[in-house]
>>> print(open('upload00.cif').read())   # mmCIF, C-alpha atoms (C1' of nucleotides)
data_input
#
loop_
_atom_site.group_PDB
_atom_site.id
_atom_site.type_symbol
_atom_site.label_atom_id
_atom_site.label_comp_id
_atom_site.auth_asym_id
_atom_site.auth_seq_id
_atom_site.Cartn_x
_atom_site.Cartn_y
_atom_site.Cartn_z
ATOM 1 C CA MET A 1 -4.345 10.229 9.669
ATOM 2 C CA ARG A 2 -3.249 8.351 6.551
ATOM 3 C CA ILE A 3 -4.796 4.905 6.057
ATOM 4 C CA ALA A 4 -4.000 2.427 3.264
ATOM 5 C CA THR A 5 -5.568 -0.842 2.156
ATOM 6 C CA PHE A 6 -3.246 -3.159 0.253
ATOM 7 C CA ASN A 7 -3.656 -6.742 -1.001
ATOM 8 C CA ILE A 8 -0.044 -7.860 -0.781
ATOM 9 C CA ASN A 9 -0.512 -11.346 -2.324
ATOM 10 C CA GLY A 10 1.612 -13.301 0.133
ATOM 11 C CA VAL A 11 3.582 -11.861 3.028
ATOM 12 C CA LYS A 12 6.529 -14.235 2.542
ATOM 13 C CA ALA A 13 7.006 -13.273 -1.091
ATOM 14 C CA ARG A 14 6.326 -9.609 -0.345
ATOM 15 C CA ALA A 15 8.320 -9.095 2.876
ATOM 16 C CA GLU A 16 11.008 -6.985 1.258
ATOM 17 C CA ALA A 17 8.639 -4.886 -0.858
ATOM 18 C CA LEU A 18 6.286 -4.457 2.104
ATOM 19 C CA ALA A 19 9.108 -3.224 4.357
ATOM 20 C CA ALA A 20 10.303 -0.782 1.706
ATOM 21 C CA TRP A 21 6.757 0.494 1.230
ATOM 22 C CA LEU A 22 6.254 1.012 4.978
ATOM 23 C CA ASP A 23 9.560 2.872 5.229
ATOM 24 C CA ALA A 24 8.807 5.097 2.258
ATOM 25 C CA GLU A 25 5.121 5.799 2.947
ATOM 26 C CA THR A 26 4.812 5.445 6.739
ATOM 27 C CA PRO A 27 1.040 4.870 6.826
ATOM 28 C CA ASP A 28 -0.607 5.482 10.189
ATOM 29 C CA VAL A 29 -2.814 2.462 9.558
ATOM 30 C CA ALA A 30 -2.412 -0.297 6.970
ATOM 31 C CA ILE A 31 -5.065 -2.890 6.198
ATOM 32 C CA LEU A 32 -3.491 -5.872 4.439
ATOM 33 C CA GLN A 33 -5.114 -8.800 2.640
ATOM 34 C CA GLU A 34 -3.992 -12.144 1.239
ATOM 35 C CA ILE A 35 -1.109 -12.616 3.614
ATOM 36 C CA LYS A 36 -1.345 -16.382 2.859
ATOM 37 C CA SER A 37 0.234 -17.171 6.196
ATOM 38 C CA GLU A 38 -0.686 -18.610 9.556
ATOM 39 C CA ASP A 39 -0.463 -16.222 12.506
ATOM 40 C CA ALA A 40 2.461 -18.205 13.942
ATOM 41 C CA SER A 41 4.563 -17.778 10.785
ATOM 42 C CA PHE A 42 3.715 -14.132 10.116
ATOM 43 C CA PRO A 43 6.912 -12.025 10.220
ATOM 44 C CA ARG A 44 5.830 -9.858 13.144
ATOM 45 C CA GLU A 45 9.280 -8.296 13.680
ATOM 46 C CA LEU A 46 9.163 -6.800 10.197
ATOM 47 C CA ILE A 47 6.156 -4.745 11.306
ATOM 48 C CA GLU A 48 6.862 -4.200 14.977
ATOM 49 C CA GLU A 49 10.444 -2.979 14.530
ATOM 50 C CA ARG A 50 8.943 -0.181 12.426
ATOM 51 C CA GLY A 51 6.837 0.993 15.324
ATOM 52 C CA TYR A 52 3.506 -0.613 14.491
ATOM 53 C CA TYR A 53 0.969 -2.469 16.549
ATOM 54 C CA LEU A 54 -0.118 -5.569 14.663
ATOM 55 C CA GLU A 55 -3.152 -7.839 14.735
ATOM 56 C CA THR A 56 -3.281 -10.870 12.466
ATOM 57 C CA HIS A 57 -6.039 -13.188 11.303
ATOM 58 C CA GLY A 58 -4.219 -15.698 9.187
ATOM 59 C CA GLN A 59 -4.718 -19.048 7.530
ATOM 60 C CA LYS A 60 -2.311 -21.535 6.017
ATOM 61 C CA GLY A 61 -1.703 -21.002 2.325
ATOM 62 C CA PHE A 62 -4.675 -18.805 1.455
ATOM 63 C CA ASN A 63 -6.527 -15.658 2.486
ATOM 64 C CA GLY A 64 -5.493 -13.931 5.709
ATOM 65 C CA VAL A 65 -5.971 -10.318 6.784
ATOM 66 C CA VAL A 66 -4.035 -8.089 9.168
ATOM 67 C CA LEU A 67 -4.235 -4.629 10.671
ATOM 68 C CA LEU A 68 -1.226 -2.552 11.585
ATOM 69 C CA SER A 69 -1.289 0.816 13.250
ATOM 70 C CA LYS A 70 0.959 3.399 14.891
ATOM 71 C CA LEU A 71 -1.787 3.766 17.509
ATOM 72 C CA PRO A 72 -2.953 0.817 19.622
ATOM 73 C CA LEU A 73 -5.509 -1.544 18.078
ATOM 74 C CA GLU A 74 -8.289 -2.081 20.594
ATOM 75 C CA ASP A 75 -11.267 -4.450 20.846
ATOM 76 C CA VAL A 76 -10.049 -6.710 18.058
ATOM 77 C CA MET A 77 -12.604 -8.962 16.368
ATOM 78 C CA ARG A 78 -11.534 -11.744 14.020
ATOM 79 C CA GLY A 79 -13.892 -13.245 11.451
ATOM 80 C CA LEU A 80 -17.099 -11.918 9.922
ATOM 81 C CA PRO A 81 -20.127 -12.772 12.086
ATOM 82 C CA GLY A 82 -23.071 -14.713 10.691
ATOM 83 C CA ASP A 83 -21.748 -18.167 9.782
ATOM 84 C CA PRO A 84 -19.852 -20.211 12.386
ATOM 85 C CA GLU A 85 -19.048 -22.798 9.705
ATOM 86 C CA ASP A 86 -17.101 -20.287 7.608
ATOM 87 C CA LEU A 87 -13.474 -20.863 8.556
ATOM 88 C CA GLN A 88 -11.869 -18.684 5.882
ATOM 89 C CA ALA A 89 -9.757 -15.862 7.313
ATOM 90 C CA ARG A 90 -11.176 -12.852 5.489
ATOM 91 C CA TYR A 91 -12.201 -10.271 8.072
ATOM 92 C CA ILE A 92 -10.745 -8.359 11.025
ATOM 93 C CA GLU A 93 -11.856 -5.302 12.994
ATOM 94 C CA ALA A 94 -10.256 -3.087 15.600
ATOM 95 C CA THR A 95 -10.688 0.383 17.085
ATOM 96 C CA ILE A 96 -8.077 3.127 16.984
ATOM 97 C CA VAL A 97 -8.367 6.371 18.889
ATOM 98 C CA GLY A 98 -6.939 9.528 17.363
ATOM 99 C CA LYS A 99 -8.699 12.857 17.901
ATOM 100 C CA SER A 100 -11.723 10.595 18.090
ATOM 101 C CA ALA A 101 -12.384 6.856 17.803
ATOM 102 C CA LEU A 102 -12.572 4.987 14.506
ATOM 103 C CA ARG A 103 -13.571 1.371 13.954
ATOM 104 C CA VAL A 104 -11.350 -0.107 11.211
ATOM 105 C CA CYS A 105 -12.744 -3.113 9.317
ATOM 106 C CA GLY A 106 -10.372 -4.987 7.028
ATOM 107 C CA LEU A 107 -11.805 -7.449 4.533
ATOM 108 C CA TYR A 108 -10.894 -9.818 1.750
ATOM 109 C CA LEU A 109 -14.162 -10.496 -0.034
ATOM 110 C CA PRO A 110 -14.441 -13.861 -1.829
ATOM 111 C CA ASN A 111 -13.632 -13.880 -5.533
ATOM 112 C CA GLY A 112 -16.724 -15.940 -6.412
ATOM 113 C CA ASN A 113 -15.499 -17.649 -9.558
ATOM 114 C CA PRO A 114 -16.465 -19.917 -11.101
ATOM 115 C CA VAL A 115 -20.033 -18.637 -11.377
ATOM 116 C CA GLU A 116 -22.414 -21.580 -11.034
ATOM 117 C CA LEU A 117 -26.112 -20.908 -11.620
ATOM 118 C CA ASP A 118 -29.056 -23.302 -11.655
ATOM 119 C CA ALA A 119 -31.702 -23.433 -14.407
ATOM 120 C CA ALA A 120 -33.573 -20.576 -12.745
ATOM 121 C CA GLY A 121 -30.431 -18.442 -12.713
ATOM 122 C CA ARG A 122 -29.890 -18.760 -8.973
ATOM 123 C CA PRO A 123 -26.399 -19.316 -7.556
ATOM 124 C CA VAL A 124 -25.863 -23.002 -6.815
ATOM 125 C CA ASP A 125 -25.772 -23.729 -3.084
ATOM 126 C CA GLY A 126 -22.324 -24.617 -1.877
ATOM 127 C CA GLY A 127 -20.675 -23.049 -4.924
ATOM 128 C CA LYS A 128 -18.147 -20.269 -4.829
ATOM 129 C CA TYR A 129 -20.511 -17.672 -6.279
ATOM 130 C CA ALA A 130 -23.157 -18.432 -3.649
ATOM 131 C CA TYR A 131 -20.451 -18.149 -0.991
ATOM 132 C CA LYS A 132 -19.475 -14.708 -2.283
ATOM 133 C CA LEU A 133 -23.050 -13.423 -2.260
ATOM 134 C CA LYS A 134 -23.792 -14.870 1.181
ATOM 135 C CA TRP A 135 -20.600 -13.300 2.493
ATOM 136 C CA MET A 136 -21.758 -9.952 1.142
ATOM 137 C CA GLU A 137 -25.079 -10.351 2.964
ATOM 138 C CA ARG A 138 -23.132 -10.931 6.178
ATOM 139 C CA LEU A 139 -20.996 -7.855 5.494
ATOM 140 C CA HIS A 140 -24.192 -5.856 4.968
ATOM 141 C CA ALA A 141 -25.510 -7.127 8.320
ATOM 142 C CA ARG A 142 -22.264 -6.140 10.003
ATOM 143 C CA ALA A 143 -22.498 -2.627 8.542
ATOM 144 C CA VAL A 144 -26.086 -2.349 9.836
ATOM 145 C CA THR A 145 -24.866 -3.298 13.321
ATOM 146 C CA LEU A 146 -22.025 -0.760 13.274
ATOM 147 C CA LEU A 147 -24.300 1.985 11.948
ATOM 148 C CA ALA A 148 -26.738 1.299 14.783
ATOM 149 C CA GLU A 149 -23.906 1.647 17.280
ATOM 150 C CA GLU A 150 -23.112 5.055 15.790
ATOM 151 C CA ILE A 151 -19.379 4.419 15.790
ATOM 152 C CA PRO A 152 -17.521 6.105 12.911
ATOM 153 C CA PHE A 153 -16.087 3.272 10.838
ATOM 154 C CA LEU A 154 -14.534 2.339 7.547
ATOM 155 C CA MET A 155 -14.658 -0.964 5.690
ATOM 156 C CA ALA A 156 -11.610 -1.307 3.505
ATOM 157 C CA GLY A 157 -10.046 -4.054 1.488
ATOM 158 C CA ASP A 158 -10.124 -6.202 -1.594
ATOM 159 C CA TYR A 159 -13.841 -6.279 -2.400
ATOM 160 C CA ASN A 160 -13.403 -8.291 -5.613
ATOM 161 C CA ILE A 161 -16.116 -6.052 -7.066
ATOM 162 C CA ILE A 162 -15.868 -3.912 -10.194
ATOM 163 C CA PRO A 163 -18.557 -1.339 -9.317
ATOM 164 C CA GLN A 164 -19.120 0.147 -12.786
ATOM 165 C CA ALA A 165 -18.026 -0.349 -16.393
ATOM 166 C CA GLU A 166 -15.684 2.627 -16.069
ATOM 167 C CA ASP A 167 -13.786 0.679 -13.414
ATOM 168 C CA ALA A 168 -12.415 -1.789 -15.984
ATOM 169 C CA LYS A 169 -10.286 -1.195 -19.058
ATOM 170 C CA ARG A 170 -12.280 -3.900 -20.896
ATOM 171 C CA PRO A 171 -15.666 -4.155 -19.153
ATOM 172 C CA ASN A 172 -17.066 -6.531 -21.751
ATOM 173 C CA ALA A 173 -14.441 -9.113 -20.828
ATOM 174 C CA TRP A 174 -15.853 -9.143 -17.283
ATOM 175 C CA ARG A 175 -19.627 -9.279 -17.979
ATOM 176 C CA GLU A 176 -20.055 -12.898 -16.862
ATOM 177 C CA ASP A 177 -17.365 -12.792 -14.195
ATOM 178 C CA ALA A 178 -18.189 -12.942 -10.479
ATOM 179 C CA LEU A 179 -16.442 -9.573 -10.048
ATOM 180 C CA PHE A 180 -18.838 -7.761 -12.379
ATOM 181 C CA ARG A 181 -22.035 -9.800 -12.657
ATOM 182 C CA PRO A 182 -25.260 -7.963 -11.780
ATOM 183 C CA GLU A 183 -25.827 -9.925 -8.544
ATOM 184 C CA SER A 184 -22.392 -8.962 -7.238
ATOM 185 C CA ARG A 185 -22.729 -5.314 -8.153
ATOM 186 C CA ALA A 186 -26.245 -5.164 -6.706
ATOM 187 C CA ALA A 187 -24.981 -6.551 -3.400
ATOM 188 C CA TYR A 188 -22.266 -3.896 -3.402
ATOM 189 C CA ARG A 189 -24.820 -1.175 -4.111
ATOM 190 C CA ARG A 190 -27.007 -2.416 -1.251
ATOM 191 C CA LEU A 191 -24.025 -1.846 1.016
ATOM 192 C CA LEU A 192 -23.546 1.693 -0.301
ATOM 193 C CA ASN A 193 -27.271 2.314 -0.034
ATOM 194 C CA LEU A 194 -27.007 1.967 3.735
ATOM 195 C CA GLY A 195 -25.440 5.396 3.560
ATOM 196 C CA LEU A 196 -21.807 4.418 3.141
ATOM 197 C CA THR A 197 -19.524 6.539 0.975
ATOM 198 C CA GLU A 198 -17.044 4.991 -1.399
ATOM 199 C CA ALA A 199 -14.050 7.225 -0.744
ATOM 200 C CA PHE A 200 -12.511 7.131 -4.217
ATOM 201 C CA ARG A 201 -15.676 7.982 -6.141
ATOM 202 C CA ALA A 202 -16.492 10.725 -3.663
ATOM 203 C CA ARG A 203 -13.472 12.564 -5.037
ATOM 204 C CA VAL A 204 -12.532 11.221 -8.480
ATOM 205 C CA GLN A 205 -14.770 10.779 -11.521
ATOM 206 C CA GLY A 206 -14.224 9.065 -14.838
ATOM 207 C CA PRO A 207 -12.518 5.969 -16.257
ATOM 208 C CA GLY A 208 -8.914 4.819 -16.154
ATOM 209 C CA HIS A 209 -8.446 4.299 -12.410
ATOM 210 C CA TYR A 210 -7.484 0.763 -11.417
ATOM 211 C CA SER A 211 -6.148 -1.052 -8.357
ATOM 212 C CA PHE A 212 -5.372 -4.471 -9.877
ATOM 213 C CA TRP A 213 -3.518 -5.621 -12.976
ATOM 214 C CA ASP A 214 -3.217 -9.348 -13.667
ATOM 215 C CA TYR A 215 0.261 -10.851 -13.835
ATOM 216 C CA GLN A 216 -0.807 -12.533 -17.089
ATOM 217 C CA ALA A 217 -0.934 -11.369 -20.674
ATOM 218 C CA GLY A 218 1.015 -8.172 -20.138
ATOM 219 C CA ALA A 219 -1.926 -6.583 -18.359
ATOM 220 C CA TRP A 220 0.225 -3.993 -16.586
ATOM 221 C CA ASN A 221 2.022 -2.922 -19.766
ATOM 222 C CA LYS A 222 -1.333 -2.463 -21.488
ATOM 223 C CA ASP A 223 -2.850 -0.758 -18.435
ATOM 224 C CA ASP A 224 -5.485 -3.484 -18.622
ATOM 225 C CA GLY A 225 -6.672 -3.082 -15.045
ATOM 226 C CA ILE A 226 -9.742 -3.184 -12.827
ATOM 227 C CA ARG A 227 -10.688 -1.211 -9.731
ATOM 228 C CA ILE A 228 -11.638 -3.704 -7.025
ATOM 229 C CA ASP A 229 -9.988 -2.407 -3.841
ATOM 230 C CA HIS A 230 -12.271 0.011 -2.044
ATOM 231 C CA VAL A 231 -12.632 2.083 1.116
ATOM 232 C CA LEU A 232 -16.212 2.541 2.322
ATOM 233 C CA LEU A 233 -16.846 5.205 4.942
ATOM 234 C CA SER A 234 -19.671 5.508 7.438
ATOM 235 C CA PRO A 235 -21.396 8.929 7.411
ATOM 236 C CA GLU A 236 -19.370 10.208 10.366
ATOM 237 C CA ALA A 237 -16.127 8.937 8.833
ATOM 238 C CA ALA A 238 -17.024 10.442 5.450
ATOM 239 C CA ASP A 239 -17.231 13.840 7.140
ATOM 240 C CA LEU A 240 -13.551 13.418 8.063
ATOM 241 C CA LEU A 241 -12.336 12.596 4.518
ATOM 242 C CA LEU A 242 -9.486 14.830 3.364
ATOM 243 C CA GLU A 243 -7.747 12.960 0.538
ATOM 244 C CA VAL A 244 -7.973 9.764 -1.485
ATOM 245 C CA ARG A 245 -5.381 8.239 -3.768
ATOM 246 C CA ILE A 246 -4.566 5.028 -5.627
ATOM 247 C CA GLN A 247 -0.821 4.450 -5.389
ATOM 248 C CA LYS A 248 -0.332 3.119 -8.910
ATOM 249 C CA ASP A 249 3.477 3.389 -8.972
ATOM 250 C CA VAL A 250 3.763 0.418 -6.608
ATOM 251 C CA ARG A 251 2.729 -1.914 -9.443
ATOM 252 C CA ALA A 252 5.877 -0.959 -11.387
ATOM 253 C CA GLY A 253 8.153 -1.747 -8.433
ATOM 254 C CA GLU A 254 10.437 -4.677 -7.751
ATOM 255 C CA LYS A 255 8.528 -8.001 -7.424
ATOM 256 C CA PRO A 256 5.166 -6.295 -6.995
ATOM 257 C CA SER A 257 1.817 -7.578 -5.797
ATOM 258 C CA ASP A 258 -0.847 -7.637 -8.497
ATOM 259 C CA HIS A 259 -2.785 -5.068 -6.394
ATOM 260 C CA VAL A 260 -1.707 -1.571 -5.353
ATOM 261 C CA PRO A 261 -2.494 0.403 -2.182
ATOM 262 C CA VAL A 262 -5.572 2.620 -1.952
ATOM 263 C CA TRP A 263 -5.180 5.501 0.483
ATOM 264 C CA VAL A 264 -7.495 7.752 2.417
ATOM 265 C CA GLU A 265 -6.527 10.606 4.675
ATOM 266 C CA LEU A 266 -8.968 11.371 7.479
ATOM 267 C CA ASP A 267 -9.070 14.391 9.755
ATOM 268 C CA LEU A 268 -8.608 12.194 12.799
ATOM 269 C "C1'" DA B 1 1.783 -8.147 -33.760
ATOM 270 C "C1'" DT B 2 1.283 -11.884 -30.461
ATOM 271 C "C1'" DG B 3 1.624 -14.140 -26.281
ATOM 272 C "C1'" DG B 4 2.611 -13.743 -21.986
ATOM 273 C "C1'" DC B 5 1.767 -15.195 -14.454
ATOM 274 C "C1'" DC B 6 2.501 -15.807 -9.616
ATOM 275 C "C1'" DG B 7 2.468 -17.676 -4.694
ATOM 276 C "C1'" DG B 8 2.070 -21.531 -1.567
ATOM 277 C "C1'" DT B 9 2.618 -26.258 -0.583
ATOM 278 C "C1'" DG B 10 5.943 -29.538 -0.419
ATOM 279 C "C1'" DG B 11 9.468 -31.327 -2.569
ATOM 280 C "C1'" DA B 12 6.325 -32.636 -8.376
ATOM 281 C "C1'" DA B 13 2.543 -30.980 -9.939
ATOM 282 C "C1'" DC B 14 -1.415 -28.721 -8.513
ATOM 283 C "C1'" DC B 15 -4.593 -25.363 -6.413
ATOM 284 C "C1'" DG B 16 -6.236 -20.709 -6.146
ATOM 285 C "C1'" DG B 17 -6.303 -16.318 -7.749
ATOM 286 C "C1'" DA B 18 -9.044 -12.377 -10.823
#
>>> encode(input="upload00.cif", output="structure tokens")
Amino acid sequence: MRIATFNINGVKARAEALAAWLDAETPDVAILQEIKSEDASFPRELIEERGYYLETHGQKGFNGVVLLSKLPLEDVMRGLPGDPEDLQARYIEATIVGKSALRVCGLYLPNGNPVELDAAGRPVDGGKYAYKLKWMERLHARAVTLLAEEIPFLMAGDYNIIPQAEDAKRPNAWREDALFRPESRAAYRRLLNLGLTEAFRARVQGPGHYSFWDYQAGAWNKDDGIRIDHVLLSPEAADLLLEVRIQKDVRAGEKPSDHVPVWVELDL
DNA sequence: ATGGCCGGTGGAACCGGA
């Protein structure tokens, strides 16, 4: 089973490129972020006429995550538990059943900039950086719950986290950024330390592998990228891992997103 | 060499992104 996560940066602007990508790559499951669309205005036909089940969790103008799958999406959950006041559409889960069941969690983790710290160096309450870190605590809690239920699962999406210096062309440019600050990376490591496997680094070592290139300043032409889109696997899911791949060529396509798909193939 | 963007909203600039 081939599964891709892809931040498409707007489903309206990306409809044509998304359709072409689905036709060419035929993922079994695709986990999309930043659809920037309400559920009612999501172009469902585009997906469904290609033989996919579709579950959306959208929001007007910003954010928005969806799951699409050749197999039925069961027991859908929208929103990350832990804060009823958080109305941002950044999380969706569903179960697919191949040879065995897999819980698929799609996420669009908050960017977190600008970083606002108080005199003691603590994130300022109500600020975007505090929101990011709190959201990561909630994601950690969700992973604990799923691990306890002993369901094989993956958590895939735009994490807005540069895990290590080797995951950026110019790490020094990101030192103070919410994507690379120590608090962000520590929260990401706490997630991994639950026993989750980051699919890409389980298979590929070394620098020069990116999933995002800014539209600005010729970043793509200079290969000035960062690796921020990740697939985390529960222990049972990690046992099923066959292949992993970053589909870099998509960034050179017609009217591309600033992110590219990250793929895993599972023996499922 | 240097500088450089894009999408959505709403119908002009502005917000948000990373």
>>> atom_distance(input="upload00.cif", atom1="CA of Glu176 (chain A)", atom2="C1' of DA1 (chain B)")
28.0 Å
>>> interface_residues(input="upload00.cif", of="chain A", to="chain B", cutoff="6 Å", atoms="only C-alpha atoms (C1' of nucleotides)", output="number ranges by chain")
A: 61, 215-217
>>> closest_residue(input="upload00.cif", among="A:Leu233, A:Ala17, A:Ala173, A:Ala178", to="Asn193 (chain A)", atoms="all atoms listed in the file")
A:Leu233
>>> residues_near_point(input="upload00.cif", point="(-21.8, -12.2, 3.0)", cutoff="10 Å", atoms="all atoms listed in the file", output="PDB file with C-alpha atoms, in the frame of the given file")
ATOM      1  CA  LEU A  80     -17.099 -11.918   9.922  1.00  0.00           C
ATOM      2  CA  PRO A  81     -20.127 -12.772  12.086  1.00  0.00           C
ATOM      3  CA  GLY A  82     -23.071 -14.713  10.691  1.00  0.00           C
ATOM      4  CA  ASP A  83     -21.748 -18.167   9.782  1.00  0.00           C
ATOM      5  CA  LEU A 109     -14.162 -10.496  -0.034  1.00  0.00           C
ATOM      6  CA  PRO A 110     -14.441 -13.861  -1.829  1.00  0.00           C
ATOM      7  CA  ALA A 130     -23.157 -18.432  -3.649  1.00  0.00           C
ATOM      8  CA  TYR A 131     -20.451 -18.149  -0.991  1.00  0.00           C
ATOM      9  CA  LYS A 132     -19.475 -14.708  -2.283  1.00  0.00           C
ATOM     10  CA  LEU A 133     -23.050 -13.423  -2.260  1.00  0.00           C
ATOM     11  CA  LYS A 134     -23.792 -14.870   1.181  1.00  0.00           C
ATOM     12  CA  TRP A 135     -20.600 -13.300   2.493  1.00  0.00           C
ATOM     13  CA  MET A 136     -21.758  -9.952   1.142  1.00  0.00           C
ATOM     14  CA  GLU A 137     -25.079 -10.351   2.964  1.00  0.00           C
ATOM     15  CA  ARG A 138     -23.132 -10.931   6.178  1.00  0.00           C
ATOM     16  CA  LEU A 139     -20.996  -7.855   5.494  1.00  0.00           C
ATOM     17  CA  HIS A 140     -24.192  -5.856   4.968  1.00  0.00           C
ATOM     18  CA  ALA A 141     -25.510  -7.127   8.320  1.00  0.00           C
ATOM     19  CA  ARG A 142     -22.264  -6.140  10.003  1.00  0.00           C
ATOM     20  CA  ALA A 187     -24.981  -6.551  -3.400  1.00  0.00           C
TER      21      ALA A 187
END
>>> axis_aligned_box(input="upload00.cif", around="region 221-229 of chain A", padding_each_side="3 Å", output="JSON")
{"center_x": -4.8, "center_y": -2.2, "center_z": -12.7, "size_x": 19.7, "size_y": 8.9, "size_z": 23.6}
>>> closest_residue(input="upload00.cif", among="A:Lys70, A:Arg122, A:Arg201, A:His57", to="Ile92 (chain A)", atoms="all atoms listed in the file")
A:His57
>>> resolve_selection(input="upload00.cif", expression="the PyMOL selection byres ((chain A and resi 3) around 8)", output="PDB file with C-alpha atoms, in the frame of the given file")
ATOM      1  CA  MET A   1      -4.345  10.229   9.669  1.00  0.00           C
ATOM      2  CA  ARG A   2      -3.249   8.351   6.551  1.00  0.00           C
ATOM      3  CA  ALA A   4      -4.000   2.427   3.264  1.00  0.00           C
ATOM      4  CA  THR A   5      -5.568  -0.842   2.156  1.00  0.00           C
ATOM      5  CA  PRO A  27       1.040   4.870   6.826  1.00  0.00           C
ATOM      6  CA  ASP A  28      -0.607   5.482  10.189  1.00  0.00           C
ATOM      7  CA  VAL A  29      -2.814   2.462   9.558  1.00  0.00           C
ATOM      8  CA  ALA A  30      -2.412  -0.297   6.970  1.00  0.00           C
ATOM      9  CA  ILE A  31      -5.065  -2.890   6.198  1.00  0.00           C
ATOM     10  CA  TRP A 263      -5.180   5.501   0.483  1.00  0.00           C
ATOM     11  CA  VAL A 264      -7.495   7.752   2.417  1.00  0.00           C
ATOM     12  CA  GLU A 265      -6.527  10.606   4.675  1.00  0.00           C
ATOM     13  CA  LEU A 266      -8.968  11.371   7.479  1.00  0.00           C
TER      14      LEU A 266
END
>>> resolve_selection(input="upload00.cif", expression="the PyMOL selection byres ((chain A and resi 249) around 12)", output="list in words")
Trp21, Tyr210, Ser211, Phe212, Trp220, Arg245, Ile246, Gln247, Lys248, Val250, Arg251, Ala252, Gly253, Glu254, Pro256, Ser257, Asp258, His259, Val260, Pro261 and Val262 of chain A
>>> closest_residue(input="upload00.cif", among="A:Leu194, A:Leu179, A:Leu73, A:Ile226", to="Thr145 (chain A)", atoms="all atoms listed in the file")
A:Leu194
>>> resolve_selection(input="upload00.cif", expression="the PyMOL selection byres ((chain A and resi 12) around 12)", output="PyMOL selection string")
(chain A and resi 8-11+13-19+34-38+41-44+46+60-61+255+257) or (chain B and resi 7-8)
>>> residues_around(input="upload00.cif", residues="region 93-99 of chain A", least_positions_apart="3", cutoff="6 Å", atoms="only C-alpha atoms (C1' of nucleotides)", output="list in words")
Leu73, Glu74, Asp75, Val76, Met77, Leu102, Arg103, Val104, Cys105 and Leu268 of chain A
>>> atom_distance(input="upload00.cif", atom1="CA of Phe153 (chain A)", atom2="CA of Glu236 (chain A)")
7.7 Å
>>> atom_distance(input="upload00.cif", atom1="CA of Leu68 (chain A)", atom2="CA of Arg185 (chain A)")
29.3 Å
>>> decode(input="upload00.cif", residues="chain B", atoms="C-alpha atoms (C1' of nucleotides)", output="CSV table (one decimal), in the first residue's frame")
chain,number,residue,atom,x,y,z
B,1,DA,C1',26.1,38.7,-9.0
B,2,DT,C1',21.7,40.1,-7.0
B,3,DG,C1',17.0,39.9,-6.0
B,4,DG,C1',13.4,37.5,-6.3
B,5,DC,C1',6.6,34.8,-3.8
B,6,DC,C1',2.0,32.9,-3.5
B,7,DG,C1',-2.9,31.9,-2.2
B,8,DG,C1',-7.3,33.5,-0.3
B,9,DT,C1',-10.5,37.1,0.5
B,10,DG,C1',-13.1,40.2,-1.8
B,11,DG,C1',-13.1,43.2,-5.1
B,12,DA,C1',-8.0,47.0,-2.8
B,13,DA,C1',-4.8,45.9,0.1
B,14,DC,C1',-3.9,42.8,3.6
B,15,DC,C1',-3.2,38.4,6.2
B,16,DG,C1',-0.8,34.2,6.6
B,17,DG,C1',2.7,31.2,5.3
B,18,DA,C1',7.9,29.2,6.4
